[in-house]
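What follows is the content of coords.cif, which has mmCIF, C-alpha atoms and all ligand atoms:
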data_final
#
loop_
_atom_site.group_PDB
_atom_site.id
_atom_site.type_symbol
_atom_site.label_atom_id
_atom_site.label_comp_id
_atom_site.auth_asym_id
_atom_site.auth_seq_id
_atom_site.Cartn_x
_atom_site.Cartn_y
_atom_site.Cartn_z
ATOM 1 C CA MET P 1 -20.864 17.907 -12.650
ATOM 2 C CA GLN P 2 -17.251 19.061 -13.034
ATOM 3 C CA LYS P 3 -15.348 16.523 -15.162
ATOM 4 C CA ARG P 4 -12.392 14.843 -13.442
ATOM 5 C CA ARG P 5 -9.095 15.632 -15.153
ATOM 6 C CA VAL P 6 -7.295 12.410 -16.091
ATOM 7 C CA GLY P 7 -3.596 11.817 -16.732
ATOM 8 C CA ILE P 8 -2.752 8.572 -18.550
ATOM 9 C CA LEU P 9 0.623 6.851 -18.081
ATOM 10 C CA ILE P 10 1.824 4.500 -20.821
ATOM 11 C CA SER P 11 4.974 2.662 -21.867
ATOM 12 C CA GLY P 12 3.954 1.132 -25.200
ATOM 13 C CA ARG P 13 1.221 0.846 -27.811
ATOM 14 C CA GLY P 14 -1.457 2.296 -25.536
ATOM 15 C CA SER P 15 -4.563 0.402 -26.641
ATOM 16 C CA ASN P 16 -6.070 0.778 -23.158
ATOM 17 C CA MET P 17 -5.315 4.492 -23.346
ATOM 18 C CA GLN P 18 -7.239 4.601 -26.633
ATOM 19 C CA SER P 19 -10.259 2.902 -25.109
ATOM 20 C CA LEU P 20 -10.176 5.312 -22.151
ATOM 21 C CA VAL P 21 -9.928 8.355 -24.419
ATOM 22 C CA ALA P 22 -12.754 7.063 -26.646
ATOM 23 C CA ALA P 23 -14.966 6.612 -23.582
ATOM 24 C CA MET P 24 -14.080 10.034 -22.181
ATOM 25 C CA ARG P 25 -15.040 11.614 -25.499
ATOM 26 C CA ARG P 26 -18.616 10.316 -25.153
ATOM 27 C CA PRO P 27 -21.059 13.009 -24.065
ATOM 28 C CA GLY P 28 -21.761 12.939 -20.354
ATOM 29 C CA PHE P 29 -18.686 10.898 -19.371
ATOM 30 C CA PRO P 30 -17.532 12.282 -16.004
ATOM 31 C CA ALA P 31 -13.830 12.587 -16.908
ATOM 32 C CA GLU P 32 -11.616 14.099 -19.604
ATOM 33 C CA PRO P 33 -8.083 13.261 -20.792
ATOM 34 C CA VAL P 34 -5.692 16.171 -20.139
ATOM 35 C CA ILE P 35 -2.219 14.631 -20.442
ATOM 36 C CA VAL P 36 -0.522 11.431 -21.607
ATOM 37 C CA VAL P 37 2.944 10.626 -20.265
ATOM 38 C CA SER P 38 5.241 7.841 -21.404
ATOM 39 C CA ASN P 39 8.471 6.796 -19.704
ATOM 40 C CA ARG P 40 9.576 5.501 -23.126
ATOM 41 C CA PRO P 41 9.996 8.242 -25.758
ATOM 42 C CA GLU P 42 9.493 5.686 -28.561
ATOM 43 C CA ALA P 43 6.099 4.484 -27.264
ATOM 44 C CA ALA P 44 3.692 4.220 -30.205
ATOM 45 C CA GLY P 45 0.847 5.459 -28.026
ATOM 46 C CA LEU P 46 2.389 8.960 -27.779
ATOM 47 C CA GLU P 47 1.893 9.616 -31.487
ATOM 48 C CA TRP P 48 -1.729 8.521 -31.305
ATOM 49 C CA ALA P 49 -2.423 10.778 -28.308
ATOM 50 C CA ARG P 50 -0.753 13.730 -30.009
ATOM 51 C CA GLY P 51 -2.992 13.163 -33.028
ATOM 52 C CA GLN P 52 -5.994 13.376 -30.698
ATOM 53 C CA GLY P 53 -4.900 16.829 -29.557
ATOM 54 C CA ILE P 54 -3.989 15.656 -26.056
ATOM 55 C CA ALA P 55 -0.868 17.134 -24.388
ATOM 56 C CA VAL P 56 1.851 14.464 -24.447
ATOM 57 C CA HIS P 57 5.114 14.200 -22.521
ATOM 58 C CA ALA P 58 7.948 11.729 -22.897
ATOM 59 C CA ILE P 59 9.736 11.520 -19.554
ATOM 60 C CA ASP P 60 12.499 9.023 -20.192
ATOM 61 C CA HIS P 61 13.345 7.310 -16.904
ATOM 62 C CA LYS P 62 16.837 6.525 -18.236
ATOM 63 C CA GLN P 63 17.644 10.243 -18.237
ATOM 64 C CA TYR P 64 17.197 10.500 -14.453
ATOM 65 C CA ALA P 65 19.736 9.605 -11.798
ATOM 66 C CA ASN P 66 17.257 7.562 -9.750
ATOM 67 C CA ARG P 67 13.575 6.695 -9.328
ATOM 68 C CA MET P 68 12.917 9.674 -7.036
ATOM 69 C CA ALA P 69 14.220 12.171 -9.609
ATOM 70 C CA PHE P 70 12.132 10.550 -12.373
ATOM 71 C CA GLU P 71 9.034 10.516 -10.187
ATOM 72 C CA ALA P 72 9.540 14.162 -9.130
ATOM 73 C CA ARG P 73 9.444 15.162 -12.817
ATOM 74 C CA LEU P 74 6.411 12.962 -13.475
ATOM 75 C CA HIS P 75 4.613 14.387 -10.437
ATOM 76 C CA GLN P 76 5.304 17.955 -11.578
ATOM 77 C CA ALA P 77 3.982 17.268 -15.101
ATOM 78 C CA LEU P 78 0.764 15.872 -13.620
ATOM 79 C CA LEU P 79 0.419 18.839 -11.240
ATOM 80 C CA ASP P 80 1.014 21.296 -14.087
ATOM 81 C CA ALA P 81 -1.804 19.620 -16.019
ATOM 82 C CA GLN P 82 -4.026 19.856 -12.896
ATOM 83 C CA VAL P 83 -4.693 16.136 -12.949
ATOM 84 C CA ASP P 84 -7.278 14.712 -10.522
ATOM 85 C CA LEU P 85 -6.929 11.023 -11.417
ATOM 86 C CA ILE P 86 -4.144 8.946 -12.979
ATOM 87 C CA CYS P 87 -4.776 5.862 -15.135
ATOM 88 C CA ASN P 88 -1.781 3.599 -15.653
ATOM 89 C CA ALA P 89 -2.377 1.913 -19.013
ATOM 90 C CA GLY P 90 0.419 -0.513 -19.772
ATOM 91 C CA PHE P 91 2.806 1.661 -17.724
ATOM 92 C CA MET P 92 5.626 -0.784 -16.989
ATOM 93 C CA ARG P 93 7.496 1.059 -14.265
ATOM 94 C CA MET P 94 7.288 0.407 -10.538
ATOM 95 C CA LEU P 95 6.532 3.526 -8.471
ATOM 96 C CA THR P 96 8.007 4.190 -5.040
ATOM 97 C CA GLY P 97 6.066 4.949 -1.869
ATOM 98 C CA GLY P 98 6.614 8.698 -2.186
ATOM 99 C CA PHE P 99 4.766 8.896 -5.508
ATOM 100 C CA VAL P 100 2.130 6.321 -4.573
ATOM 101 C CA ASP P 101 1.317 8.218 -1.345
ATOM 102 C CA ARG P 102 0.910 11.523 -3.177
ATOM 103 C CA TRP P 103 -1.699 9.964 -5.465
ATOM 104 C CA MET P 104 -3.229 7.600 -2.901
ATOM 105 C CA ASP P 105 -6.602 6.280 -4.127
ATOM 106 C CA ARG P 106 -6.389 8.585 -7.135
ATOM 107 C CA GLN P 107 -4.253 6.295 -9.322
ATOM 108 C CA LEU P 108 -5.616 3.241 -11.146
ATOM 109 C CA ASN P 109 -3.870 0.372 -12.910
ATOM 110 C CA ILE P 110 -5.103 -2.384 -15.212
ATOM 111 C CA HIS P 111 -3.615 -5.856 -15.155
ATOM 112 C CA PRO P 112 -4.566 -8.745 -17.490
ATOM 113 C CA SER P 113 -5.488 -11.368 -14.880
ATOM 114 C CA LEU P 114 -7.937 -11.947 -12.064
ATOM 115 C CA LEU P 115 -5.745 -10.495 -9.304
ATOM 116 C CA PRO P 116 -4.447 -11.491 -6.830
ATOM 117 C CA ALA P 117 -3.761 -14.433 -9.194
ATOM 118 C CA PHE P 118 -0.952 -14.015 -11.716
ATOM 119 C CA PRO P 119 0.564 -10.590 -10.975
ATOM 120 C CA GLY P 120 3.703 -9.605 -12.898
ATOM 121 C CA LEU P 121 4.935 -10.393 -16.406
ATOM 122 C CA ASP P 122 4.179 -13.308 -18.794
ATOM 123 C CA THR P 123 0.715 -13.458 -17.259
ATOM 124 C CA HIS P 124 -1.055 -15.374 -20.022
ATOM 125 C CA GLN P 125 1.649 -18.029 -20.428
ATOM 126 C CA ARG P 126 1.554 -18.672 -16.687
ATOM 127 C CA VAL P 127 -2.262 -18.952 -16.787
ATOM 128 C CA LEU P 128 -1.913 -21.587 -19.553
ATOM 129 C CA ASP P 129 0.896 -23.412 -17.743
ATOM 130 C CA GLN P 130 -1.262 -23.692 -14.614
ATOM 131 C CA GLY P 131 -4.266 -24.951 -16.590
ATOM 132 C CA ALA P 132 -6.627 -22.218 -15.330
ATOM 133 C CA LEU P 133 -9.940 -22.271 -17.253
ATOM 134 C CA ILE P 134 -11.067 -18.754 -16.407
ATOM 135 C CA THR P 135 -8.832 -15.709 -16.372
ATOM 136 C CA GLY P 136 -9.682 -12.049 -16.842
ATOM 137 C CA ALA P 137 -8.602 -8.519 -16.075
ATOM 138 C CA THR P 138 -8.530 -6.297 -13.002
ATOM 139 C CA VAL P 139 -8.582 -2.546 -12.404
ATOM 140 C CA HIS P 140 -7.221 -1.612 -8.998
ATOM 141 C CA PHE P 141 -5.891 1.352 -7.056
ATOM 142 C CA ILE P 142 -2.097 1.473 -7.023
ATOM 143 C CA ARG P 143 0.012 0.473 -4.050
ATOM 144 C CA THR P 144 3.779 -0.013 -3.933
ATOM 145 C CA GLU P 145 3.593 -3.804 -4.492
ATOM 146 C CA MET P 146 3.414 -4.867 -8.145
ATOM 147 C CA ASP P 147 -0.148 -5.344 -9.466
ATOM 148 C CA ALA P 148 -1.671 -5.033 -5.990
ATOM 149 C CA GLY P 149 -4.100 -2.675 -4.300
ATOM 150 C CA PRO P 150 -7.848 -2.297 -3.643
ATOM 151 C CA ILE P 151 -9.808 -3.832 -6.546
ATOM 152 C CA VAL P 152 -12.314 -1.575 -8.323
ATOM 153 C CA ALA P 153 -13.570 -3.905 -11.069
ATOM 154 C CA GLN P 154 -12.829 -7.268 -12.659
ATOM 155 C CA THR P 155 -13.961 -9.134 -15.755
ATOM 156 C CA ALA P 156 -13.802 -12.885 -16.336
ATOM 157 C CA VAL P 157 -12.586 -14.355 -19.630
ATOM 158 C CA PRO P 158 -12.654 -18.067 -20.549
ATOM 159 C CA VAL P 159 -9.479 -19.868 -21.608
ATOM 160 C CA MET P 160 -10.171 -21.827 -24.823
ATOM 161 C CA PRO P 161 -8.748 -25.316 -25.393
ATOM 162 C CA ASN P 162 -6.287 -24.341 -28.119
ATOM 163 C CA ASP P 163 -5.243 -20.964 -26.763
ATOM 164 C CA SER P 164 -1.695 -19.728 -27.116
ATOM 165 C CA ALA P 165 -0.475 -16.868 -24.922
ATOM 166 C CA ASP P 166 -1.162 -14.553 -27.877
ATOM 167 C CA THR P 167 -4.736 -15.643 -28.586
ATOM 168 C CA LEU P 168 -5.538 -15.484 -24.875
ATOM 169 C CA ALA P 169 -3.924 -12.042 -24.558
ATOM 170 C CA ALA P 170 -6.040 -10.774 -27.470
ATOM 171 C CA ARG P 171 -9.284 -12.045 -25.888
ATOM 172 C CA VAL P 172 -8.390 -10.553 -22.503
ATOM 173 C CA LEU P 173 -7.356 -7.252 -24.117
ATOM 174 C CA GLU P 174 -10.827 -6.858 -25.662
ATOM 175 C CA ALA P 175 -12.297 -7.300 -22.206
ATOM 176 C CA GLU P 176 -9.793 -4.810 -20.755
ATOM 177 C CA HIS P 177 -10.990 -2.206 -23.231
ATOM 178 C CA ARG P 178 -14.527 -2.489 -21.841
ATOM 179 C CA LEU P 179 -13.499 -2.831 -18.201
ATOM 180 C CA TYR P 180 -11.189 0.157 -17.790
ATOM 181 C CA PRO P 181 -13.651 2.878 -18.891
ATOM 182 C CA HIS P 182 -16.292 1.272 -16.650
ATOM 183 C CA ALA P 183 -13.946 1.339 -13.649
ATOM 184 C CA LEU P 184 -12.859 4.909 -14.383
ATOM 185 C CA GLU P 185 -16.485 6.013 -14.523
ATOM 186 C CA LEU P 186 -17.168 4.413 -11.115
ATOM 187 C CA VAL P 187 -14.198 6.244 -9.599
ATOM 188 C CA ALA P 188 -14.792 9.575 -11.365
ATOM 189 C CA THR P 189 -18.402 9.722 -10.190
ATOM 190 C CA GLY P 190 -17.437 8.858 -6.615
ATOM 191 C CA GLN P 191 -19.429 5.603 -6.642
ATOM 192 C CA VAL P 192 -16.532 3.758 -5.042
ATOM 193 C CA SER P 193 -14.344 4.552 -2.058
ATOM 194 C CA VAL P 194 -11.599 2.733 -0.185
ATOM 195 C CA ARG P 195 -12.156 1.565 3.385
ATOM 196 C CA ASP P 196 -9.655 -0.680 5.188
ATOM 197 C CA GLU P 197 -7.901 -1.378 1.885
ATOM 198 C CA ARG P 198 -11.100 -2.662 0.245
ATOM 199 C CA VAL P 199 -13.203 -0.867 -2.341
ATOM 200 C CA VAL P 200 -16.787 -0.289 -1.239
ATOM 201 C CA MET P 201 -19.635 0.626 -3.594
ATOM 202 C CA ALA P 202 -21.879 3.546 -2.642
ATOM 203 C CA ALA P 203 -25.026 1.830 -3.972
ATOM 204 C CA PRO P 204 -26.175 -1.787 -3.589
ATOM 205 C CA VAL P 205 -25.570 -3.992 -6.635
ATOM 206 C CA GLY P 206 -28.126 -6.415 -8.111
ATOM 207 C CA ARG P 207 -27.549 -10.076 -8.964
ATOM 208 C CA VAL P 208 -25.603 -10.973 -12.098
ATOM 209 C CA PRO P 209 -25.386 -14.360 -13.840
ATOM 210 C CA THR P 210 -22.518 -16.674 -12.963
ATOM 211 C CA LEU P 211 -19.918 -17.481 -15.608
ATOM 212 C CA MET P 212 -19.438 -21.236 -15.786
ATOM 213 C CA TRP P 213 -16.729 -22.592 -18.048
ATOM 214 C CA PRO P 214 -17.089 -25.059 -19.689
ATOM 215 C CA PRO P 215 -20.772 -24.140 -19.808
ATOM 216 C CA LEU P 216 -23.497 -26.510 -18.611
ATOM 217 C CA GLY P 217 -24.646 -28.726 -21.505
HETATM 218 C C1 LIG G 301 -2.313 -4.573 -21.161
HETATM 219 O O1 LIG G 301 -2.699 -5.901 -21.394
HETATM 220 C C2 LIG G 301 -2.236 -4.304 -19.668
HETATM 221 O O2 LIG G 301 -3.218 -4.970 -18.922
HETATM 222 C C3 LIG G 301 -0.858 -4.816 -19.348
HETATM 223 O O3 LIG G 301 -0.069 -4.399 -20.424
HETATM 224 C C4 LIG G 301 -0.868 -4.330 -21.602
HETATM 225 C C5 LIG G 301 -0.691 -2.957 -22.201
HETATM 226 O O4 LIG G 301 -1.311 -2.885 -23.456
HETATM 227 N N1 LIG G 301 -0.391 -4.320 -18.081
HETATM 228 C C6 LIG G 301 0.315 -5.047 -17.221
HETATM 229 O O5 LIG G 301 0.696 -6.168 -17.456
HETATM 230 C C7 LIG G 301 0.627 -4.353 -15.913
HETATM 231 N N2 LIG G 301 1.234 -5.259 -14.990
HETATM 232 P P1 LIG G 301 -1.689 -1.473 -24.059
HETATM 233 O O6 LIG G 301 -0.419 -0.638 -24.070
HETATM 234 O O7 LIG G 301 -2.142 -1.791 -25.463
HETATM 235 O O8 LIG G 301 -2.779 -0.863 -23.211
#

Could you show the structure in this file as structure tokens?
Amino acid sequence: MQKRRVGILISGRGSNMQSLVAAMRRPGFPAEPVIVVSNRPEAAGLEWARGQGIAVHAIDHKQYANRMAFEARLHQALLDAQVDLICNAGFMRMLTGGFVDRWMDRQLNIHPSLLPAFPGLDTHQRVLDQGALITGATVHFIRTEMDAGPIVAQTAVPVMPNDSADTLAARVLEAEHRLYPHALELVATGQVSVRDERVVMAAPVGRVPTLMWPPLG
């Protein structure tokens, strides 16, 4: 099977990018990383990607007159790299309808909560403030609303009694690193499609155990 060509968008350290690249480097994975783009030239993740021999681009949004001009440049870089699928991995820039439409159902995002709960920033602190006992992470197709769009995969993570936002973020991040490659594989192999703004799986799924937290004694 022809590997899907993946472009990864980052804004910072890029640990999700690293987990995606590591997965794509495994034999038989149905996708390959062809370009990494950051809207922040100082993003630590760029250096790592360069070291991996992946083409990297810094497209600094501050250098463009408006969102459309920035997105036109981003779009062209992705076209030049012949990208099939985009993975936003800690890419902290809202995208307008023009860009989202061009990559409709071909652009994924990861967010560190069980969407539609807790979209936006300061996710983990808000989870703690609300007293939620289970949180998690979500991979979804991009739409113009922040952290919204058809959900491809989710993972549940327990909140521990003495968690701070940082300890919770670290536990969720570990789960993100497993979830995102799994979701990318589902999309790259065509096992999921979008119908009426919902993701449908091509094959039936078996039963899985329920996560109960706190666990039954
Ligand atoms: C990740 O936790 C990701 O889920 C989150 O930013 C972090 C990026 O870390 N994304 C969002 O909050 C999007 N709304 P990383 O750069 O190490 O992958």

Which residues are near ligand LIG 301 (chain G) - at most 10 Å, using all atoms listed in the file? Format: as a ChimeraX atom specification. /P:9-20,43-45,88-94,109-113,118-124,136-139,146-148,169-170,172-177,180

With the file shown as input, list the residues that the PyMOL selection byres (((chain P and resi 189-199) around 10) and not hetatm) selects, as a PyMOL selection string. chain P and resi 1-4+29-31+105+140-141+149-153+183-188+200-203

Specify the axis-aligned box that encloses all atoms of stretch 96-99 of chain P listed in the file after padding of 8 Å on each side, stating its centre and edge lengths in Å to one decimal as JSON.
{"center_x": 6.4, "center_y": 6.5, "center_z": -3.7, "size_x": 19.2, "size_y": 20.7, "size_z": 19.6}

Closest of P:Leu128, P:Ile142, P:Val100, P:Val34 to P:Asp166, counting all atoms listed in the file, is P:Leu128

Straight-line distance linking atom CA of P:Ala117 with atom CA of P:Gln130, stated in Å to one decimal: 11.0 Å

Using all atoms listed in the file, collect all residues at a distance of at most 9 Å from (-2.6, 17.9, -14.7) as written in the file, then present them as a list in words.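 Applying the cut-off with all atoms listed in the file, one gets Arg5, Val6, Gly7, Val34, Ile35, Gln76, Ala77, Leu78, Leu79, Asp80, Ala81, Gln82, Val83, Asp84 and Leu85 of chain P.
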
Calculated over all atoms listed in the file, which of the candidates P:Ala58, P:Val205, P:Met212, P:Cys87 has the smallest distance to P:Arg73?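 Residue with the minimum atom-to-atom distance to P:Arg73: P:Ala58.
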
I need the residue set behind the PyMOL selection byres (((chain P and resi 54) around 10) and not hetatm) for this file; please write it as a list in words.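 Listing what the PyMOL selection byres (((chain P and resi 54) around 10) and not hetatm) selects in the shown file: Val21, Pro33, Val34, Ile35, Val36, Leu46, Trp48, Ala49, Arg50, Gly51, Gln52, Gly53, Ala55, Val56 and His57 of chain P.
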
Proximity to P:Arg106 - best of P:Tyr64, P:Ile8, P:Arg126, P:Glu71, only C-alpha atoms: P:Ile8

Atom CA of P:Asp101 and atom CA of P:Leu115 are how many Å apart? 21.5 Å

Report, in Å to a single decimal, how far apart atom CA of P:Leu95 and atom CA of P:Thr144 are.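 Computing it gives 6.4 Å between the two atoms.
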
Could you expand the PyMOL selection byres (((chain P and resi 131) around 12) and not hetatm) into the explicit residues it covers here, written as an MDAnalysis selection string? chainID P and resid 124:130 132:135 158:163

Option closest in space to P:Asn39, from P:Ile59, P:Ala22, P:Leu108, P:Ala65 [counting only C-alpha atoms]: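 Once distances to P:Asn39 are computed over only C-alpha atoms, the minimum belongs to P:Ile59.
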
Between P:Pro214, P:Arg171, P:Leu74, P:Lys62, which has the minimum distance to P:Val157 (counting all atoms listed in the file)?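 Among P:Pro214, P:Arg171, P:Leu74, P:Lys62, it is P:Arg171 that comes nearest to P:Val157.
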